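The file model08.txt comes next; it holds compact mmCIF, C-alpha atoms.
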```txt
# COMPACT_ATOMS: atom_id res chain seq x y z
CA MET X 1 20.59 -2.50 -10.47
CA PRO X 2 17.73 -3.90 -8.39
CA GLY X 3 17.22 -7.66 -8.61
CA LYS X 4 14.00 -9.57 -8.35
CA PRO X 5 12.15 -9.51 -5.04
CA VAL X 6 12.95 -12.53 -2.84
CA LEU X 7 10.24 -13.83 -0.54
CA HIS X 8 11.23 -15.65 2.64
CA TYR X 9 8.52 -17.95 4.04
CA PHE X 10 7.57 -21.57 4.36
CA ASN X 11 6.40 -23.42 1.26
CA GLY X 12 2.73 -22.75 1.76
CA ARG X 13 0.14 -19.99 1.67
CA GLY X 14 0.10 -18.68 5.24
CA ARG X 15 0.49 -14.92 5.40
CA MET X 16 2.62 -14.68 2.28
CA GLU X 17 0.03 -15.70 -0.30
CA PRO X 18 -1.49 -12.20 -0.71
CA VAL X 19 2.02 -10.88 -1.44
CA ARG X 20 2.52 -13.53 -4.15
CA TRP X 21 -0.83 -12.63 -5.70
CA LEU X 22 -0.10 -8.90 -5.74
CA LEU X 23 3.37 -9.26 -7.24
CA ALA X 24 2.02 -11.67 -9.84
CA ALA X 25 -0.89 -9.38 -10.73
CA ALA X 26 1.58 -6.50 -11.11
CA GLY X 27 3.61 -8.64 -13.50
CA VAL X 28 6.64 -8.70 -11.20
CA GLU X 29 8.83 -11.79 -11.28
CA PHE X 30 9.99 -12.91 -7.87
CA GLU X 31 12.07 -15.62 -6.24
CA GLU X 32 11.31 -17.58 -3.10
CA LYS X 33 13.50 -19.00 -0.34
CA PHE X 34 11.52 -21.55 1.65
CA LEU X 35 12.03 -22.08 5.36
CA LYS X 36 12.11 -25.82 5.95
CA THR X 37 13.58 -26.24 9.44
CA ARG X 38 13.78 -24.42 12.72
CA ASP X 39 17.40 -23.68 11.88
CA ASP X 40 16.35 -21.82 8.75
CA LEU X 41 14.24 -19.48 10.87
CA ALA X 42 16.96 -19.17 13.51
CA ARG X 43 19.50 -18.24 10.87
CA LEU X 44 17.32 -15.43 9.53
CA ARG X 45 16.70 -14.19 13.08
CA ASN X 46 20.37 -14.32 14.00
CA ASP X 47 21.62 -12.43 11.00
CA GLY X 48 19.25 -9.56 11.75
CA SER X 49 17.11 -10.04 8.68
CA LEU X 50 13.79 -10.07 10.54
CA MET X 51 12.99 -6.77 12.20
CA PHE X 52 10.52 -8.28 14.70
CA GLN X 53 11.87 -11.85 14.48
CA GLN X 54 8.97 -12.80 12.22
CA VAL X 55 8.24 -13.83 8.66
CA PRO X 56 6.91 -12.91 6.10
CA MET X 57 10.00 -11.08 4.98
CA ALA X 58 10.47 -9.77 1.44
CA GLU X 59 13.75 -8.51 0.05
CA VAL X 60 12.73 -5.68 -2.27
CA ASP X 61 14.80 -2.80 -3.69
CA GLY X 62 17.72 -3.56 -1.41
CA MET X 63 15.59 -3.57 1.74
CA LYS X 64 14.32 -6.34 4.01
CA LEU X 65 10.62 -5.67 4.42
CA VAL X 66 8.52 -7.19 7.19
CA GLN X 67 4.89 -6.83 8.29
CA THR X 68 2.57 -8.10 5.59
CA LYS X 69 0.53 -4.90 5.38
CA ALA X 70 3.64 -2.76 4.98
CA ILE X 71 4.91 -5.07 2.24
CA LEU X 72 1.58 -4.99 0.39
CA ASN X 73 1.34 -1.18 0.75
CA TYR X 74 4.79 -0.76 -0.75
CA ILE X 75 4.15 -3.07 -3.69
CA ALA X 76 0.74 -1.51 -4.37
CA SER X 77 2.24 2.00 -4.41
CA LYS X 78 5.22 1.07 -6.49
CA TYR X 79 3.15 -0.66 -9.17
CA ASN X 80 0.28 1.82 -9.31
CA LEU X 81 -2.35 -0.38 -7.72
CA TYR X 82 -3.21 2.07 -4.96
CA GLY X 83 -5.57 4.60 -6.49
CA LYS X 84 -4.89 8.15 -7.63
CA ASP X 85 -5.19 10.15 -4.39
CA ILE X 86 -5.54 9.75 -0.64
CA LYS X 87 -9.32 9.43 -0.73
CA GLU X 88 -9.15 6.56 -3.22
CA ARG X 89 -6.41 5.07 -1.11
CA ALA X 90 -8.65 5.28 1.96
CA LEU X 91 -11.37 3.29 0.20
CA ILE X 92 -8.85 0.79 -1.16
CA ASP X 93 -7.40 0.38 2.33
CA MET X 94 -10.82 -0.08 3.92
CA TYR X 95 -11.79 -2.75 1.37
CA SER X 96 -8.39 -4.45 1.58
CA GLU X 97 -8.51 -4.56 5.38
CA GLY X 98 -11.91 -6.26 5.28
CA VAL X 99 -10.55 -8.85 2.87
CA ALA X 100 -7.49 -9.32 5.08
CA ASP X 101 -9.66 -9.96 8.16
CA LEU X 102 -11.53 -12.84 6.50
CA GLU X 103 -8.43 -14.03 4.65
CA LEU X 104 -6.59 -14.39 7.95
CA MET X 105 -9.25 -16.81 9.20
CA VAL X 106 -9.12 -18.70 5.90
CA LEU X 107 -5.33 -18.91 5.69
CA TYR X 108 -5.01 -19.95 9.31
CA PHE X 109 -7.77 -22.58 9.06
CA PRO X 110 -5.59 -25.53 7.90
CA HIS X 111 -3.22 -24.89 10.82
CA MET X 112 -5.87 -25.01 13.52
CA PRO X 113 -6.15 -27.84 16.05
CA PRO X 114 -8.56 -30.50 14.68
CA GLY X 115 -11.10 -29.97 17.48
CA GLU X 116 -11.50 -26.31 16.56
CA LYS X 117 -11.86 -26.71 12.81
CA ASP X 118 -15.61 -27.28 12.59
CA ALA X 119 -16.43 -24.10 14.46
CA ALA X 120 -13.86 -22.13 12.47
CA LEU X 121 -15.29 -23.32 9.17
CA ALA X 122 -18.80 -22.38 10.26
CA THR X 123 -17.56 -18.89 11.18
CA ILE X 124 -15.78 -18.46 7.86
CA LYS X 125 -18.87 -19.48 5.90
CA ASP X 126 -21.12 -17.23 7.95
CA LYS X 127 -18.84 -14.21 7.71
CA ALA X 128 -18.21 -14.67 4.00
CA ARG X 129 -21.87 -15.08 3.06
CA ASN X 130 -23.40 -12.62 5.53
CA ARG X 131 -20.84 -9.91 6.17
CA TYR X 132 -18.11 -9.62 3.59
CA PHE X 133 -19.50 -10.77 0.26
CA PRO X 134 -22.67 -8.66 0.64
CA ALA X 135 -20.52 -5.61 1.45
CA TYR X 136 -18.41 -5.92 -1.68
CA GLU X 137 -21.40 -6.82 -3.87
CA LYS X 138 -23.03 -3.62 -2.63
CA VAL X 139 -19.95 -1.52 -3.45
CA LEU X 140 -19.86 -2.87 -7.00
CA LYS X 141 -23.60 -2.36 -7.39
CA SER X 142 -23.43 1.22 -6.11
CA HIS X 143 -21.23 2.50 -8.93
CA GLU X 144 -21.64 -0.25 -11.53
CA GLN X 145 -17.98 0.05 -12.51
CA ASP X 146 -15.67 -2.78 -13.40
CA TYR X 147 -13.46 -2.43 -10.33
CA LEU X 148 -13.97 -1.58 -6.68
CA VAL X 149 -12.36 1.89 -6.69
CA GLY X 150 -11.75 4.59 -9.25
CA ASN X 151 -12.81 2.57 -12.26
CA ARG X 152 -9.48 0.79 -12.53
CA LEU X 153 -7.67 -2.22 -11.11
CA SER X 154 -6.27 -1.80 -7.63
CA ARG X 155 -4.85 -4.07 -4.96
CA ALA X 156 -8.34 -4.24 -3.44
CA ASP X 157 -9.63 -6.11 -6.50
CA VAL X 158 -6.65 -8.47 -6.54
CA SER X 159 -6.92 -9.37 -2.87
CA LEU X 160 -10.71 -9.74 -3.04
CA VAL X 161 -10.47 -12.11 -6.02
CA GLU X 162 -7.83 -14.14 -4.19
CA LEU X 163 -10.22 -14.37 -1.24
CA LEU X 164 -13.09 -15.49 -3.45
CA TYR X 165 -11.04 -18.42 -4.75
CA HIS X 166 -9.92 -19.36 -1.24
CA VAL X 167 -13.40 -19.24 0.27
CA GLU X 168 -14.85 -21.24 -2.60
CA GLU X 169 -12.39 -24.05 -1.78
CA LEU X 170 -13.97 -24.30 1.66
CA ASP X 171 -17.55 -23.47 0.67
CA PRO X 172 -18.21 -24.29 -2.99
CA SER X 173 -21.51 -22.46 -3.29
CA ALA X 174 -20.49 -19.35 -1.33
CA LEU X 175 -20.62 -17.14 -4.40
CA ALA X 176 -24.03 -18.32 -5.55
CA ASN X 177 -25.89 -15.12 -4.71
CA PHE X 178 -23.22 -12.62 -5.69
CA PRO X 179 -23.28 -12.07 -9.45
CA LEU X 180 -21.17 -8.91 -9.41
CA LEU X 181 -18.46 -10.63 -7.39
CA GLU X 182 -18.48 -13.48 -9.90
CA ALA X 183 -18.16 -10.98 -12.72
CA LEU X 184 -15.26 -9.23 -10.97
CA ARG X 185 -13.54 -12.55 -10.44
CA THR X 186 -13.89 -13.46 -14.11
CA ARG X 187 -12.69 -10.03 -15.23
CA VAL X 188 -9.62 -10.02 -12.96
CA SER X 189 -8.83 -13.68 -13.70
CA ASN X 190 -8.69 -12.87 -17.40
CA LEU X 191 -6.06 -10.16 -17.02
CA PRO X 192 -2.93 -11.64 -18.64
CA THR X 193 -0.76 -11.49 -15.51
CA VAL X 194 -3.44 -13.03 -13.29
CA LYS X 195 -4.38 -15.61 -15.90
CA LYS X 196 -0.77 -16.73 -15.99
CA PHE X 197 -0.64 -16.93 -12.19
CA LEU X 198 -3.75 -19.11 -12.15
CA GLN X 199 -2.14 -21.69 -14.45
CA PRO X 200 -0.58 -24.84 -12.99
CA GLY X 201 3.15 -24.46 -12.48
CA SER X 202 2.95 -20.85 -11.26
CA GLN X 203 4.16 -19.76 -7.83
CA ARG X 204 0.61 -19.80 -6.51
CA LYS X 205 0.47 -22.18 -3.55
CA PRO X 206 -2.12 -24.93 -3.06
CA PHE X 207 -4.27 -25.25 0.04
CA ASP X 208 -1.91 -25.80 3.00
CA ASP X 209 -2.10 -29.59 3.33
CA ALA X 210 -1.26 -31.83 6.32
CA LYS X 211 2.39 -32.10 5.33
CA CYS X 212 2.72 -28.34 5.10
CA VAL X 213 1.01 -27.89 8.47
CA GLU X 214 3.39 -30.41 10.10
CA SER X 215 6.38 -28.67 8.60
CA THR X 216 5.32 -25.23 9.83
CA LYS X 217 4.67 -26.57 13.33
CA THR X 218 8.29 -27.67 13.43
CA ILE X 219 9.68 -24.43 12.08
CA PHE X 220 7.69 -22.20 14.39
CA SER X 221 7.74 -24.35 17.53
CA MET K 1 -14.96 25.12 5.95
CA GLU K 2 -14.34 21.59 7.07
CA THR K 3 -16.57 19.90 9.60
CA LYS K 4 -14.84 18.13 12.44
CA PRO K 5 -14.21 14.40 12.14
CA LYS K 6 -16.69 12.36 14.18
CA LEU K 7 -15.71 9.17 15.93
CA TYR K 8 -18.18 6.39 16.78
CA TYR K 9 -16.98 3.89 19.36
CA PHE K 10 -17.30 2.77 22.96
CA HIS K 11 -16.21 5.08 25.74
CA GLY K 12 -12.84 3.38 25.99
CA ARG K 13 -9.59 2.72 24.18
CA GLY K 14 -9.98 -0.47 22.15
CA ARG K 15 -9.18 0.03 18.49
CA MET K 16 -10.11 3.72 18.45
CA GLU K 17 -7.46 5.03 20.83
CA SER K 18 -4.66 5.16 18.24
CA ILE K 19 -6.96 7.23 16.02
CA ARG K 20 -7.63 9.67 18.88
CA TRP K 21 -3.88 9.97 19.45
CA LEU K 22 -3.15 10.70 15.80
CA LEU K 23 -5.87 13.32 15.48
CA ALA K 24 -4.81 14.95 18.74
CA ALA K 25 -1.13 14.98 17.76
CA ALA K 26 -2.07 16.59 14.45
CA GLY K 27 -3.97 19.28 16.37
CA VAL K 28 -7.30 18.28 14.84
CA GLU K 29 -10.42 18.78 16.93
CA PHE K 30 -12.87 15.90 16.76
CA GLU K 31 -16.27 14.90 18.07
CA GLU K 32 -17.24 11.57 19.56
CA GLU K 33 -20.43 9.56 19.82
CA PHE K 34 -20.20 6.79 22.39
CA LEU K 35 -21.92 3.45 21.90
CA GLU K 36 -23.67 2.41 25.08
CA THR K 37 -26.60 0.29 23.88
CA ARG K 38 -27.25 -2.40 21.32
CA GLU K 39 -29.96 -0.19 19.81
CA GLN K 40 -27.44 2.52 18.95
CA TYR K 41 -25.24 -0.03 17.25
CA GLU K 42 -28.12 -1.55 15.31
CA LYS K 43 -29.13 1.90 14.13
CA LEU K 44 -25.63 2.50 12.78
CA GLN K 45 -25.83 -0.82 10.97
CA LYS K 46 -29.26 -0.02 9.49
CA ASP K 47 -28.04 3.39 8.36
CA GLY K 48 -25.48 1.55 6.24
CA ARG K 49 -22.48 3.39 7.61
CA LEU K 50 -20.69 0.29 8.91
CA LEU K 51 -19.27 -1.40 5.84
CA PHE K 52 -18.51 -4.63 7.70
CA ASP K 53 -20.91 -4.04 10.62
CA GLN K 54 -17.95 -3.03 12.76
CA VAL K 55 -16.66 -0.05 14.66
CA PRO K 56 -14.43 1.99 14.80
CA LEU K 57 -16.28 4.31 12.43
CA VAL K 58 -14.87 7.74 11.62
CA GLU K 59 -16.84 10.17 9.50
CA ILE K 60 -14.30 12.44 7.85
CA ASP K 61 -14.24 14.46 4.63
CA GLY K 62 -17.62 13.09 3.62
CA MET K 63 -16.55 9.45 3.99
CA PRO K 64 -17.74 6.90 6.54
CA LEU K 65 -14.42 5.16 7.13
CA THR K 66 -14.10 1.89 9.00
CA GLN K 67 -11.12 -0.43 9.56
CA SER K 68 -8.81 1.26 12.03
CA ARG K 69 -5.68 0.76 9.99
CA ALA K 70 -7.27 2.34 6.91
CA ILE K 71 -8.34 5.29 9.04
CA LEU K 72 -4.88 5.67 10.55
CA SER K 73 -3.19 5.63 7.12
CA TYR K 74 -5.61 8.25 5.81
CA LEU K 75 -5.03 10.55 8.76
CA ALA K 76 -1.28 10.09 8.56
CA ALA K 77 -1.29 11.03 4.88
CA LYS K 78 -3.70 13.93 5.31
CA TYR K 79 -1.81 15.52 8.20
CA ASN K 80 1.71 15.03 6.85
CA LEU K 81 2.69 12.35 9.32
CA TYR K 82 3.55 9.74 6.70
CA GLY K 83 7.05 10.70 5.59
CA LYS K 84 8.14 12.46 2.43
CA ASP K 85 8.36 9.56 -0.01
CA LEU K 86 7.51 5.93 -0.55
CA LYS K 87 10.56 4.56 1.26
CA GLU K 88 9.88 6.66 4.35
CA ARG K 89 6.24 5.61 4.24
CA LEU K 90 7.35 1.99 4.12
CA ARG K 91 9.46 2.37 7.24
CA ILE K 92 6.63 4.17 9.03
CA ASP K 93 4.27 1.33 8.04
CA MET K 94 6.67 -1.35 9.32
CA TYR K 95 7.27 0.39 12.64
CA ALA K 96 3.60 1.30 13.17
CA ASP K 97 2.42 -2.22 12.27
CA GLY K 98 4.88 -3.81 14.67
CA THR K 99 3.69 -1.48 17.43
CA LEU K 100 0.04 -2.13 16.53
CA ASP K 101 0.63 -5.89 16.91
CA LEU K 102 1.74 -5.27 20.48
CA MET K 103 -1.17 -2.96 21.18
CA LEU K 104 -3.70 -5.41 19.78
CA MET K 105 -2.56 -7.91 22.39
CA ILE K 106 -3.27 -5.28 25.06
CA ALA K 107 -6.68 -4.41 23.58
CA GLN K 108 -7.82 -8.05 23.46
CA ALA K 109 -6.63 -9.05 26.94
CA PRO K 110 -9.55 -7.63 29.02
CA PHE K 111 -11.99 -9.95 27.20
CA LYS K 112 -10.19 -13.11 28.28
CA PRO K 113 -10.80 -15.17 31.44
CA PRO K 114 -8.77 -13.84 34.40
CA LYS K 115 -5.87 -16.31 34.21
CA GLU K 116 -5.43 -15.91 30.45
CA LYS K 117 -5.73 -12.16 30.84
CA GLU K 118 -2.80 -12.09 33.27
CA GLU K 119 -0.79 -14.33 30.96
CA SER K 120 -1.55 -12.01 28.04
CA TYR K 121 -0.37 -8.96 29.94
CA ALA K 122 2.81 -10.78 30.99
CA LEU K 123 3.45 -11.73 27.37
CA VAL K 124 2.91 -8.11 26.28
CA VAL K 125 5.60 -6.92 28.71
CA LYS K 126 7.96 -9.69 27.62
CA ARG K 127 7.44 -8.98 23.92
CA ALA K 128 7.85 -5.25 24.50
CA LYS K 129 11.18 -5.79 26.25
CA THR K 130 12.59 -8.46 23.95
CA ARG K 131 11.02 -8.00 20.54
CA TYR K 132 9.77 -4.44 20.03
CA PHE K 133 11.55 -1.91 22.24
CA PRO K 134 15.06 -3.16 21.33
CA VAL K 135 14.26 -2.55 17.67
CA PHE K 136 13.25 1.05 18.23
CA GLU K 137 16.13 1.71 20.63
CA LYS K 138 18.50 0.53 17.89
CA ILE K 139 16.82 2.65 15.21
CA LEU K 140 17.23 5.75 17.34
CA LYS K 141 20.82 4.81 18.16
CA ASP K 142 21.79 4.14 14.56
CA HIS K 143 20.70 7.49 13.16
CA GLY K 144 20.94 9.61 16.30
CA GLU K 145 17.94 11.68 15.27
CA ASP K 146 15.00 12.85 17.38
CA PHE K 147 12.33 10.94 15.45
CA LEU K 148 12.07 7.42 14.10
CA VAL K 149 11.88 8.31 10.39
CA GLY K 150 13.12 11.18 8.27
CA ASN K 151 14.08 13.51 11.10
CA GLN K 152 10.51 14.71 11.55
CA LEU K 153 7.45 13.66 13.54
CA SER K 154 5.47 10.84 11.93
CA TRP K 155 2.68 8.40 12.76
CA ALA K 156 5.35 5.90 13.83
CA ASP K 157 6.54 8.17 16.67
CA ILE K 158 3.02 8.83 17.94
CA GLN K 159 2.13 5.13 17.79
CA LEU K 160 5.30 4.20 19.68
CA LEU K 161 4.69 6.76 22.43
CA GLU K 162 1.16 5.47 22.88
CA ALA K 163 2.49 1.90 23.13
CA ILE K 164 5.22 2.86 25.62
CA LEU K 165 2.71 4.53 27.93
CA MET K 166 0.31 1.57 27.72
CA VAL K 167 3.04 -0.96 28.51
CA GLU K 168 4.29 1.22 31.39
CA GLU K 169 0.78 0.97 32.86
CA LEU K 170 1.39 -2.80 33.01
CA SER K 171 5.00 -2.58 34.18
CA ALA K 172 6.34 0.80 35.25
CA PRO K 173 10.08 0.01 34.84
CA VAL K 174 9.73 -1.45 31.33
CA LEU K 175 11.96 1.24 29.78
CA SER K 176 14.77 0.78 32.29
CA ASP K 177 17.12 -0.79 29.73
CA PHE K 178 16.27 1.66 26.96
CA PRO K 179 17.80 5.11 27.58
CA LEU K 180 17.09 6.44 24.10
CA LEU K 181 13.43 5.42 24.35
CA GLN K 182 13.24 7.21 27.70
CA ALA K 183 14.52 10.39 26.07
CA PHE K 184 12.20 9.80 23.11
CA LYS K 185 9.23 9.44 25.46
CA THR K 186 10.01 12.76 27.15
CA ARG K 187 10.64 14.54 23.88
CA ILE K 188 7.49 13.38 22.09
CA SER K 189 5.36 13.93 25.19
CA ASN K 190 6.46 17.56 25.22
CA ILE K 191 5.23 18.34 21.73
CA PRO K 192 2.48 20.91 22.48
CA THR K 193 -0.45 19.05 20.89
CA ILE K 194 0.59 15.79 22.55
CA LYS K 195 1.29 17.48 25.88
CA LYS K 196 -2.25 18.85 25.78
CA PHE K 197 -3.66 15.39 24.98
CA LEU K 198 -1.81 13.96 27.98
CA GLN K 199 -3.47 16.40 30.37
CA PRO K 200 -6.52 15.36 32.41
CA GLY K 201 -9.75 16.40 30.71
CA SER K 202 -8.60 15.57 27.17
CA GLN K 203 -10.32 12.99 24.97
CA ARG K 204 -7.74 10.37 25.87
CA LYS K 205 -9.50 7.33 27.37
CA PRO K 206 -8.58 5.44 30.56
CA PRO K 207 -7.50 1.78 30.68
CA PRO K 208 -10.37 -0.71 30.24
CA ASP K 209 -12.29 -1.71 33.36
CA ALA K 210 -15.03 -4.26 34.05
CA HIS K 211 -17.76 -1.79 33.07
CA TYR K 212 -16.14 -1.17 29.68
CA VAL K 213 -15.89 -4.90 29.00
CA GLU K 214 -19.54 -5.32 29.95
CA VAL K 215 -20.73 -2.54 27.64
CA VAL K 216 -18.75 -3.91 24.70
CA ARG K 217 -20.09 -7.44 25.28
CA ASN K 218 -23.66 -6.12 25.45
CA VAL K 219 -23.45 -3.93 22.40
CA LEU K 220 -21.69 -6.48 20.23
CA ASN K 221 -23.54 -9.45 21.71
CA PHE K 222 -20.68 -11.80 22.55
```

Whole structure, structure tokens version:
Amino acid sequence: MPGKPVLHYFNGRGRMEPVRWLLAAAGVEFEEKFLKTRDDLARLRNDGSLMFQQVPMAEVDGMKLVQTKAILNYIASKYNLYGKDIKERALIDMYSEGVADLELMVLYFPHMPPGEKDAALATIKDKARNRYFPAYEKVLKSHEQDYLVGNRLSRADVSLVELLYHVEELDPSALANFPLLEALRTRVSNLPTVKKFLQPGSQRKPFDDAKCVESTKTIFS
Amino acid sequence: METKPKLYYFHGRGRMESIRWLLAAAGVEFEEEFLETREQYEKLQKDGRLLFDQVPLVEIDGMPLTQSRAILSYLAAKYNLYGKDLKERLRIDMYADGTLDLMLMIAQAPFKPPKEKEESYALVVKRAKTRYFPVFEKILKDHGEDFLVGNQLSWADIQLLEAILMVEELSAPVLSDFPLLQAFKTRISNIPTIKKFLQPGSQRKPPPDAHYVEVVRNVLNF
């Protein structure tokens, strides 16, 4: 009998946060084992748990999954958040990859050297407001449906809404000119599973703070 | 009757080369339009075919697809190179993504200052030998089959062959400790569609040179 998924990562957002969001949106309960020291990482490497010596790693269905995209693809397929055919999947993938590109900058931002942060923040704001948000607003406008693809919830909506929250933390008025994105965010946030995940006390992680950044430097040094 | 897929990119490898490999391996003829000027790129943007103002762009089955990984997944699924079920697809994704990480390092290196470029290439060879190739050697050893997943050709095999050849360009003896990968390389290279793609005159692109870097910088303005 399959147990709950177990996520192996440090206690912070990093590259694991999109996996937490997707599992939560799918209504899947999961456990977490947090890496706290360099030894924790070494142990996982030495027992062969990490295919390419890297985390994230998710234990799911008796397997040790690595590579964030592969993990997200598997979860999306398993829980019917990946469209109804390969053409829908192509659109979902294209939209999800765009989100992932900006999300990577956002999730990495707290871990950047102080001298590089100002430039990084300017890039994030520019890309969000001038490249990514307009693209998704246009998609929603083009078909006037409630979700990005196929008139139903997919992983693309979940990851985009996650991104909107994250960008807003760094740039509070970023969503000002994007009414359809705001509407999507409200709609997705009101889904029972997502609503629950947005409550305090859920497994959603806060902005990676200085303590978290210090800790990850040690683990990954 | 289907029209041929059309690829829009620079005349070089970059992030389009894996797509060329996959199409070629699947025996699918494709057309290419090469970006040489900023004006061409701006026209593509104005036409609204670049969702995030980025190439690669592949027009296929009536869709303007961007994001190389999305394109690769679509092609793999369409041409039966994505395994027979969800678990096989997962393994193909993991192996392909690991390989793509390595290849991204190679694709980005030419745009760095000379010293960092050399360091990047050295790191690629080191990672290939210590992090990536041992994994695939072990996979082949453990199941003793000809292909990485499900005893049939998949995207993962094509991606790995491409990566092996690219790393060999940086360090010819890189496979010396990996006998099963050597046999794998020979075997996959001899598949008729791939053999044809490896011949001179195919749509396979050469390694990046100074001219390529210059064109990309001009077109993308960085």

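Within 7 Å of chain X, counting only C-alpha atoms, chain K contributes Leu51, Phe52, Thr66, Gln67, Ala70, Tyr74, Leu90, Asp93, Met94, Asp97, Arg131 and Tyr132 of chain K.
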
Which residues come within 12 Å of Ile219 in chain X, counting all atoms listed in the file, excluding same-chain residues fewer than 2 positions away, as an NGL selection string?
-> :X and (9-11 or 34-43 or 54-55 or 212-217 or 221)

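With CA of Ile19 in chain K on one side and CA of Phe178 in chain K on the other, the separation reads 26.3 Å.
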
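Note that the spacing between CA of Lys46 in chain K and CA of Arg20 in chain K amounts to 25.5 Å.
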
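Of the residues listed (X:Asn80, X:Gln145, X:Thr218, X:Ser202), X:Gln145 shows the shortest atom-to-atom separation from Arg187 in chain X; distances use all atoms listed in the file.
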
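Here CA of Asp118 in chain X stands at a distance of 17.0 Å from CA of Glu103 in chain X.
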
Distance query Lys4 in chain K at most 9 Å, all atoms listed in the file, self and fewer than 4 positions along chain excluded, as a list in words | Val28, Glu29, Phe30, Glu31, Glu59, Ile60 and Asp61 of chain K
